[in-house]
Every structure is written in structure tokens, then in C-alpha cells.
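Novice: Have a look at this one.
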Amino acid sequence: MTSQYLILERWACFCVDQLGVSPEPRGLHGLPPLTLLCSHYLTTVGVAPAHTARFNTALRPAIPKEDQTAEKKEINDISDKWHEVRLLSREEAESTLDEEWLEAYNRFYKKYDEDMEHMTELAGKVAKILAPPLVKKKGLKQKKRDAFARKQARTGATAAAK
């Protein structure tokens, strides 16, 4: 699975666990509508070095290291380094990373945290729309009180009109 699908899966679990919103029913492409609505906010590709595929498949064969150009080797080295950096905890990152990588790390997680806060707010609003609060049914005594109030209003209106 790609990282975007993992983020979407985590978001769906967050909706169910924290907000009480079910990501069902399934919508377009089998993904929950709430996930589809929110997925574009969760991508943080533009704030950190690009991440290349970690596993090679028959559809995406890797060029052997000795056949790669210097530019391609540099890109792969940066990508491998970012893959390691991205998975560090905040304390480990502050203690081990140099200034440039720490800045990229902080930028990435700042954007991620902002997006999660925004999506939490948005999910709360969507939850109110999808499952509005139900009004409790009136009991027999409340119906009688309302009928008596209407009757009193009618008799008061007719008395005032005379």
C-alpha cells in the first residue's frame, strides 16, 4: 500500500474511534465519502523531499546502481535519507539531525498537524450533517400541556377581539 492509502485508512479509523462517525457507506472506488472529501488535505508531498517507491515491482524495475547517472544516485540517496528521517520521533530528530534535515522534518510534521486539526474540525461539522441530533418525542403529558396552551391562546385572542 502507498503512504496515501495508509493515511486514508488511519483517517477512517480516527473518524470511527474519536468522532463516532462511521465512514460507511462506501462511495466512489470503494472509499468512504468522508475519506474522499478529506483526502486532498492529508497529502504533504510539497513540504518535504519526494519519497520514491521502496519496493520494486515488475512494472517499475529499478536501474542498477552502477548504471545510474550521478543525478539519479543523488535523488535516490536523498529519498532513502528522507525515508529514515520521516520515521524518527521528534526527540530523536532534534538530537540526531543536522539543520537542513531538521527543518524539512519540522516542516513536514507542522503541515501534517495543521491538516489533522483542520480535518478534525471538518469531520465534526460533517458529523453534525450526517447524523443530526435527534429531537426527543413528546410524551402524552407534554402533548396535553401544548394543547391546553393552544386552547388558552385561542380563548385569549377571541376575548381580545371582542
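Labels for the C-alpha cells follow display order: chains A, B, ..., residues from 1 in each chain, ligands from 1.
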If you count only C-alpha atoms, which residues fall within 10 Å of Arg90 in chain A, apart from same-chain ones fewer than 3 positions away, as a list in words?
Specialist: Arg86, Leu87, Ala93, Glu94, Ser95, Leu102, Tyr105, Asn106 and Tyr109 of chain A
